[in-house]
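Colleague: Take a look at data15.pdb, PDB, C-alpha atoms, pLDDT in the B column:
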ATOM      1  CA  LEU N   1       4.043  -4.339 -21.424  1.00 58.00           C
ATOM      2  CA  LEU N   2       0.568  -5.436 -20.400  1.00 64.00           C
ATOM      3  CA  GLU N   3      -2.576  -3.769 -21.625  1.00 69.00           C
ATOM      4  CA  PRO N   4      -5.340  -2.921 -19.120  1.00 69.00           C
ATOM      5  CA  ASN N   5      -8.267  -5.380 -19.013  1.00 68.00           C
ATOM      6  CA  LYS N   6      -6.632  -7.743 -21.513  1.00 71.00           C
ATOM      7  CA  PRO N   7      -6.071 -11.275 -20.173  1.00 73.00           C
ATOM      8  CA  VAL N   8      -2.614 -12.765 -20.648  1.00 71.00           C
ATOM      9  CA  PRO N   9      -2.085 -16.547 -20.471  1.00 73.00           C
ATOM     10  CA  LEU N  10       0.511 -17.580 -17.892  1.00 71.00           C
ATOM     11  CA  LYS N  11       3.049 -20.338 -18.332  1.00 74.00           C
ATOM     12  CA  GLU N  12       5.235 -22.219 -15.849  1.00 76.00           C
ATOM     13  CA  GLY N  13       7.803 -19.848 -14.264  1.00 75.00           C
ATOM     14  CA  ASP N  14       6.071 -16.556 -15.143  1.00 75.00           C
ATOM     15  CA  GLN N  15       6.381 -13.897 -12.444  1.00 74.00           C
ATOM     16  CA  ILE N  16       4.002 -11.068 -11.632  1.00 73.00           C
ATOM     17  CA  GLU N  17       5.320  -8.145  -9.589  1.00 70.00           C
ATOM     18  CA  ALA N  18       2.951  -5.833  -7.722  1.00 66.00           C
ATOM     19  CA  GLY N  19       4.718  -3.353  -5.466  1.00 63.00           C
ATOM     20  CA  VAL N  20       6.805  -5.344  -2.995  1.00 64.00           C
ATOM     21  CA  PHE N  21       5.032  -8.626  -3.827  1.00 66.00           C
ATOM     22  CA  ARG N  22       6.219 -11.138  -6.416  1.00 70.00           C
ATOM     23  CA  LEU N  23       3.955 -13.989  -7.529  1.00 71.00           C
ATOM     24  CA  LEU N  24       5.462 -17.028  -9.253  1.00 71.00           C
ATOM     25  CA  PHE N  25       3.204 -19.143 -11.468  1.00 70.00           C
ATOM     26  CA  LYS N  26       3.812 -22.857 -10.870  1.00 71.00           C
ATOM     27  CA  GLY N  27       1.763 -25.369 -12.770  1.00 64.00           C
ATOM     28  CA  LYS N  28       0.039 -25.496 -16.051  1.00 54.00           C
ATOM     29  CA  ALA N  29      -2.772 -23.272 -17.145  1.00 50.00           C
ATOM     30  CA  GLU N  30      -6.033 -25.132 -17.497  1.00 55.00           C
ATOM     31  CA  GLU N  31      -9.681 -24.328 -17.526  1.00 55.00           C
ATOM     32  CA  GLN N  32     -11.101 -24.103 -14.032  1.00 54.00           C
ATOM     33  CA  PRO N  33     -14.759 -24.666 -13.234  1.00 55.00           C
ATOM     34  CA  ALA N  34     -16.645 -21.480 -12.448  1.00 53.00           C
ATOM     35  CA  GLN N  35     -16.381 -20.540  -8.772  1.00 54.00           C
ATOM     36  CA  ASP N  36     -18.613 -18.518  -6.527  1.00 56.00           C
ATOM     37  CA  VAL N  37     -17.329 -14.925  -6.671  1.00 56.00           C
ATOM     38  CA  ASN N  38     -17.957 -14.422  -2.949  1.00 55.00           C
ATOM     39  CA  ALA N  39     -15.962 -17.553  -2.055  1.00 58.00           C
ATOM     40  CA  VAL N  40     -13.031 -16.383  -4.168  1.00 57.00           C
ATOM     41  CA  ALA N  41     -13.218 -12.886  -2.583  1.00 58.00           C
ATOM     42  CA  ARG N  42     -13.210 -14.389   0.933  1.00 57.00           C
ATOM     43  CA  GLN N  43     -10.204 -16.579   0.098  1.00 58.00           C
ATOM     44  CA  LEU N  44      -8.316 -13.615  -1.353  1.00 60.00           C
ATOM     45  CA  ALA N  45      -9.222 -11.432   1.644  1.00 57.00           C
ATOM     46  CA  ARG N  46      -7.873 -14.070   4.050  1.00 54.00           C
ATOM     47  CA  GLY N  47      -4.553 -14.052   2.211  1.00 57.00           C
ATOM     48  CA  VAL N  48      -4.353 -10.250   2.131  1.00 55.00           C
ATOM     49  CA  ALA N  49      -5.307  -9.991   5.810  1.00 50.00           C
ATOM     50  CA  GLY N  50      -2.503 -12.376   6.743  1.00 52.00           C
ATOM     51  CA  ILE N  51       0.015 -10.297   4.824  1.00 49.00           C
ATOM     52  CA  SER N  52      -1.226  -6.981   6.174  1.00 51.00           C
ATOM     53  CA  LYS N  53      -1.234  -8.256   9.771  1.00 53.00           C
ATOM     54  CA  ALA N  54       2.517  -8.907   9.523  1.00 53.00           C
ATOM     55  CA  ALA N  55       3.100  -5.503   7.909  1.00 55.00           C
ATOM     56  CA  GLU N  56       1.028  -3.778  10.616  1.00 60.00           C
ATOM     57  CA  GLN N  57       3.456  -5.021  13.268  1.00 75.00           C
ATOM     58  CA  ARG N  58       6.538  -3.410  11.714  1.00 85.00           C
ATOM     59  CA  PRO N  59       7.751  -0.136  13.179  1.00 91.00           C
ATOM     60  CA  TYR N  60       8.343   2.802  10.849  1.00 92.00           C
ATOM     61  CA  ALA N  61       9.487   6.417  10.748  1.00 93.00           C
ATOM     62  CA  GLU N  62       7.008   8.922   9.271  1.00 94.00           C
ATOM     63  CA  VAL N  63       7.558  12.543   8.257  1.00 94.00           C
ATOM     64  CA  ILE N  64       4.951  14.699  10.052  1.00 93.00           C
ATOM     65  CA  ASN N  65       5.394  18.105   8.392  1.00 92.00           C
ATOM     66  CA  GLY N  66       6.937  19.851   5.402  1.00 89.00           C
ATOM     67  CA  PRO N  67       6.910  18.864   1.721  1.00 88.00           C
ATOM     68  CA  SER N  68       7.622  15.196   2.544  1.00 88.00           C
ATOM     69  CA  ALA N  69       4.781  14.882   5.093  1.00 90.00           C
ATOM     70  CA  GLY N  70       3.341  11.375   5.068  1.00 91.00           C
ATOM     71  CA  ASP N  71       6.475   9.720   3.671  1.00 91.00           C
ATOM     72  CA  ARG N  72       7.412   6.592   5.594  1.00 90.00           C
ATOM     73  CA  CYS N  73      10.371   4.306   6.023  1.00 90.00           C
ATOM     74  CA  MET N  74       9.690   0.787   7.311  1.00 90.00           C
ATOM     75  CA  LEU N  75      12.217  -0.349   9.912  1.00 90.00           C
ATOM     76  CA  LEU N  76      13.216  -3.930   9.252  1.00 88.00           C
ATOM     77  CA  PRO N  77      14.986  -6.081  11.853  1.00 89.00           C
ATOM     78  CA  GLY N  78      18.748  -5.560  11.708  1.00 89.00           C
ATOM     79  CA  SER N  79      18.357  -2.513   9.472  1.00 88.00           C
ATOM     80  CA  LYS N  80      19.854   0.963   9.488  1.00 92.00           C
ATOM     81  CA  ALA N  81      17.815   3.752   7.850  1.00 93.00           C
ATOM     82  CA  LYS N  82      19.522   6.995   6.870  1.00 94.00           C
ATOM     83  CA  LEU N  83      17.504  10.217   7.345  1.00 95.00           C
ATOM     84  CA  GLY N  84      18.459  13.386   5.471  1.00 94.00           C
ATOM     85  CA  ARG N  85      18.100  15.358   2.269  1.00 93.00           C
ATOM     86  CA  GLY N  86      20.504  13.215   0.207  1.00 92.00           C
ATOM     87  CA  ILE N  87      19.180  10.742  -2.347  1.00 90.00           C
ATOM     88  CA  GLN N  88      21.148   7.953  -0.626  1.00 92.00           C
ATOM     89  CA  CYS N  89      18.805   8.210   2.380  1.00 91.00           C
ATOM     90  CA  GLU N  90      15.976   5.762   2.987  1.00 92.00           C
ATOM     91  CA  LEU N  91      13.829   8.681   4.224  1.00 92.00           C
ATOM     92  CA  VAL N  92      14.529  11.831   2.198  1.00 92.00           C
ATOM     93  CA  VAL N  93      13.352  15.139   3.687  1.00 91.00           C
ATOM     94  CA  ASP N  94      13.529  18.541   2.023  1.00 87.00           C
ATOM     95  CA  ASP N  95      14.874  21.253   4.321  1.00 90.00           C
ATOM     96  CA  ALA N  96      18.037  23.310   3.731  1.00 91.00           C
ATOM     97  CA  ARG N  97      18.864  23.009   7.457  1.00 93.00           C
ATOM     98  CA  ILE N  98      19.164  19.235   7.164  1.00 94.00           C
ATOM     99  CA  SER N  99      22.426  17.518   6.231  1.00 95.00           C
ATOM    100  CA  ARG N 100      22.624  15.095   3.296  1.00 95.00           C
ATOM    101  CA  VAL N 101      22.823  12.263   5.843  1.00 96.00           C
ATOM    102  CA  HIS N 102      21.564  13.864   9.041  1.00 96.00           C
ATOM    103  CA  GLY N 103      20.890  10.859  11.263  1.00 96.00           C
ATOM    104  CA  LEU N 104      20.473   7.094  11.434  1.00 96.00           C
ATOM    105  CA  VAL N 105      17.639   4.981  12.801  1.00 96.00           C
ATOM    106  CA  TYR N 106      18.638   1.460  13.789  1.00 93.00           C
ATOM    107  CA  PHE N 107      16.293  -1.458  14.466  1.00 92.00           C
ATOM    108  CA  ILE N 108      18.485  -3.922  16.362  1.00 91.00           C
ATOM    109  CA  ASP N 109      17.399  -6.805  18.630  1.00 90.00           C
ATOM    110  CA  GLY N 110      13.817  -5.518  18.686  1.00 89.00           C
ATOM    111  CA  GLN N 111      14.859  -2.039  19.832  1.00 91.00           C
ATOM    112  CA  ILE N 112      14.829   1.213  17.847  1.00 93.00           C
ATOM    113  CA  TRP N 113      17.731   3.649  18.218  1.00 95.00           C
ATOM    114  CA  TYR N 114      18.595   7.054  16.731  1.00 96.00           C
ATOM    115  CA  ALA N 115      22.073   8.509  16.272  1.00 96.00           C
ATOM    116  CA  ASP N 116      22.944  11.902  14.809  1.00 96.00           C
ATOM    117  CA  ALA N 117      25.367  11.446  11.891  1.00 95.00           C
ATOM    118  CA  SER N 118      27.562  14.436  12.866  1.00 93.00           C
ATOM    119  CA  SER N 119      25.062  16.733  11.158  1.00 94.00           C
ATOM    120  CA  ALA N 120      25.772  20.459  10.843  1.00 93.00           C
ATOM    121  CA  ASN N 121      22.731  21.549  12.893  1.00 94.00           C
ATOM    122  CA  GLY N 122      22.203  18.571  15.194  1.00 94.00           C
ATOM    123  CA  SER N 123      19.056  16.629  16.053  1.00 95.00           C
ATOM    124  CA  GLN N 124      16.485  16.618  18.830  1.00 95.00           C
ATOM    125  CA  ILE N 125      14.333  13.845  20.234  1.00 95.00           C
ATOM    126  CA  ASP N 126      11.227  15.062  22.016  1.00 94.00           C
ATOM    127  CA  GLY N 127      12.848  18.485  22.488  1.00 93.00           C
ATOM    128  CA  HIS N 128      16.196  17.196  23.804  1.00 94.00           C
ATOM    129  CA  LYS N 129      19.445  17.581  21.864  1.00 95.00           C
ATOM    130  CA  VAL N 130      20.864  14.238  20.727  1.00 94.00           C
ATOM    131  CA  LEU N 131      24.407  13.822  22.086  1.00 94.00           C
ATOM    132  CA  GLN N 132      24.688  10.037  21.870  1.00 95.00           C
ATOM    133  CA  PRO N 133      22.707   7.112  20.408  1.00 94.00           C
ATOM    134  CA  THR N 134      19.247   7.266  21.970  1.00 94.00           C
ATOM    135  CA  ARG N 135      16.629   4.546  22.270  1.00 94.00           C
ATOM    136  CA  LEU N 136      13.297   5.388  20.648  1.00 93.00           C
ATOM    137  CA  PHE N 137       9.792   4.265  21.513  1.00 92.00           C
ATOM    138  CA  ASP N 138       6.395   4.529  19.879  1.00 91.00           C
ATOM    139  CA  GLY N 139       5.461   8.210  19.591  1.00 91.00           C
ATOM    140  CA  CYS N 140       8.985   9.653  19.874  1.00 94.00           C
ATOM    141  CA  LYS N 141       9.514  12.716  17.675  1.00 96.00           C
ATOM    142  CA  ILE N 142      12.844  13.336  15.959  1.00 96.00           C
ATOM    143  CA  LYS N 143      13.438  16.939  14.881  1.00 96.00           C
ATOM    144  CA  LEU N 144      15.820  17.579  11.988  1.00 94.00           C
ATOM    145  CA  GLY N 145      15.915  21.274  11.078  1.00 92.00           C
ATOM    146  CA  ARG N 146      12.229  22.224  10.872  1.00 93.00           C
ATOM    147  CA  ILE N 147      11.119  18.701   9.986  1.00 94.00           C
ATOM    148  CA  ILE N 148       9.584  16.353  12.546  1.00 95.00           C
ATOM    149  CA  ILE N 149       9.714  12.595  12.079  1.00 95.00           C
ATOM    150  CA  ALA N 150       7.573  10.366  14.287  1.00 95.00           C
ATOM    151  CA  ILE N 151       8.447   6.823  15.282  1.00 94.00           C
ATOM    152  CA  VAL N 152       5.449   4.508  15.069  1.00 92.00           C
ATOM    153  CA  ASP N 153       5.857   1.088  16.673  1.00 90.00           C
ATOM    154  CA  PRO N 154       2.626  -0.923  16.478  1.00 86.00           C
ATOM    155  CA  ARG N 155       4.225  -3.700  18.545  1.00 81.00           C
ATOM    156  CA  GLN N 156       3.943  -1.425  21.586  1.00 74.00           C
ATOM    157  CA  HIS N 157       0.184  -0.995  21.282  1.00 65.00           C
ATOM    158  CA  SER N 158      -1.047  -4.118  19.537  1.00 51.00           C
ATOM    159  CA  VAL N 159      -3.999  -6.170  20.715  1.00 52.00           C
ATOM    160  CA  ASP N 160      -3.910  -9.969  21.035  1.00 55.00           C
ATOM    161  CA  TRP N 161      -7.250 -10.632  19.318  1.00 51.00           C
ATOM    162  CA  ASP N 162      -7.102 -14.391  19.879  1.00 56.00           C
ATOM    163  CA  ALA N 163      -6.785 -13.903  23.660  1.00 57.00           C
ATOM    164  CA  ALA N 164      -9.494 -11.213  23.673  1.00 54.00           C
ATOM    165  CA  LEU N 165     -11.868 -13.447  21.694  1.00 53.00           C
ATOM    166  CA  GLU N 166     -11.164 -16.415  23.948  1.00 58.00           C
ATOM    167  CA  GLN N 167     -12.117 -14.355  27.010  1.00 58.00           C
ATOM    168  CA  THR N 168     -15.431 -13.267  25.460  1.00 56.00           C
ATOM    169  CA  GLY N 169     -16.271 -16.693  24.027  1.00 55.00           C
ATOM    170  CA  LYS N 170     -16.779 -15.181  20.565  1.00 49.00           C
ATOM    171  CA  THR N 171     -15.376 -16.578  17.325  1.00 48.00           C
ATOM    172  CA  LYS N 172     -13.160 -14.633  14.946  1.00 47.00           C
ATOM    173  CA  THR N 173     -16.034 -14.169  12.516  1.00 45.00           C
ATOM    174  CA  SER N 174     -18.493 -12.963  15.136  1.00 44.00           C
ATOM    175  CA  SER N 175     -20.726 -10.357  13.539  1.00 44.00           C
ATOM    176  CA  LEU N 176     -20.594  -8.344  16.766  1.00 45.00           C
ATOM    177  CA  LEU N 177     -16.800  -8.167  16.707  1.00 44.00           C
ATOM    178  CA  MET N 178     -16.302  -7.278  13.052  1.00 46.00           C
ATOM    179  CA  PRO N 179     -17.239  -3.575  13.402  1.00 46.00           C
ATOM    180  CA  ILE N 180     -14.744  -3.250  16.257  1.00 43.00           C
ATOM    181  CA  LEU N 181     -12.019  -4.911  14.176  1.00 42.00           C
ATOM    182  CA  GLY N 182     -12.819  -2.509  11.353  1.00 45.00           C
ATOM    183  CA  ILE N 183     -12.314   0.512  13.578  1.00 44.00           C
ATOM    184  CA  VAL N 184      -9.208  -0.699  15.408  1.00 44.00           C
ATOM    185  CA  ALA N 185      -7.412  -2.488  12.599  1.00 45.00           C
ATOM    186  CA  GLY N 186      -8.128   0.040   9.848  1.00 45.00           C
ATOM    187  CA  VAL N 187      -7.602  -1.423   6.416  1.00 41.00           C
ATOM    188  CA  SER N 188      -7.131  -4.944   7.770  1.00 42.00           C
ATOM    189  CA  GLY N 189     -10.514  -4.642   9.471  1.00 40.00           C
ATOM    190  CA  LEU N 190     -12.042  -3.639   6.149  1.00 40.00           C
ATOM    191  CA  VAL N 191     -10.497  -6.662   4.473  1.00 42.00           C
ATOM    192  CA  LEU N 192     -11.593  -8.945   7.319  1.00 38.00           C
ATOM    193  CA  ALA N 193     -15.139  -7.614   6.986  1.00 41.00           C
ATOM    194  CA  LEU N 194     -15.201  -9.250   3.557  1.00 42.00           C
ATOM    195  CA  LEU N 195     -14.841 -12.613   5.284  1.00 43.00           C
ATOM    196  CA  LEU N 196     -18.419 -12.492   6.594  1.00 43.00           C
TER     197      LEU N 196
END
Transcribe the structure of this file into structure tokens.
Modeller:
Amino acid sequence: LLEPNKPVPLKEGDQIEAGVFRLLFKGKAEEQPAQDVNAVARQLARGVAGISKAAEQRPYAEVINGPSAGDRCMLLPGSKAKLGRGIQCELVVDDARISRVHGLVYFIDGQIWYADASSANGSQIDGHKVLQPTRLFDGCKIKLGRIIIAIVDPRQHSVDWDAALEQTGKTKTSSLLMPILGIVAGVSGLVLALLL
């Protein structure tokens, strides 16, 4: 177990896990010349921005109300996510009116689908009872019992920044564009602002 603020020397093959990321140390530890802190921060921010840009493009299901409000389930290509109150579900919601496995969200061939899993009380999508597998789009609301789950698909409202910048003649690091990126891209914009 690591102690906070106590450096630990790394050796070839050591792994560091942070959330869903795993870093593998390759090479030998050696003294490095002192580097400019700002240069290191910019380099790190570029790496983080690249990772977060990919994550921003993944669709997800998010619980809107109830005790699980804010919980999310990323939808990975080729995946099937179970929704319900059972612990085997990828998105667990707490409502006695919801079955253990109430419904399934599929992300197949770039399309998102929902199917009720023969639940006791049924499901609704945007106020309509689900009778067969139904295609979902960004903003669709799935109702299970009293719980509402929103589908968020950033691919359906993303901006091609390279094309937009090319049209304006600005560069990616334009000081005029950075505040706009910060507003539109949220956290990624904040990270990109460090690049200036």
Colleague: How many Å lie between atom CA of N:Glu17 and atom CA of N:Arg72, rounded to one decimal?
Modeller: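 So the two atoms, atom CA of N:Glu17 and atom CA of N:Arg72, lie 21.3 Å apart.
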Colleague: Please measure the separation of atom CA of N:Gly86 and atom CA of N:His128, giving the value in Å to one decimal.
Modeller: 24.3 Å
Colleague: Tell me which residues the PyMOL selection byres ((chain N and resi 94-100) around 8) grabs here, as a list in words.
Modeller: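 Checked against the file, the PyMOL selection byres ((chain N and resi 94-100) around 8) matches Gly66, Pro67, Ser68, Gly84, Arg85, Gly86, Ile87, Cys89, Val92, Val93, Val101, His102, Ser119, Ala120, Asn121, Leu144, Gly145, Arg146 and Ile147 of chain N.
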Colleague: Any idea what the distance is between atom CA of N:Leu75 and atom CA of N:Ala117?
Modeller: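 Separation of atom CA of N:Leu75 and atom CA of N:Ala117: 17.8 Å.
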Colleague: Can you tell me which residues surround N:Ile64 at a distance of at most 12 Å, considering all atoms listed in the file, apart from same-chain residues fewer than 6 positions away, and format the answer as a list in words?
Modeller: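 Using all atoms listed in the file, the neighbours found are Gly70, Asp71, Arg72, Val93, Gly139, Cys140, Lys141, Ile142, Lys143, Leu144, Arg146, Ile147, Ile148, Ile149, Ala150, Ile151 and Val152 of chain N.
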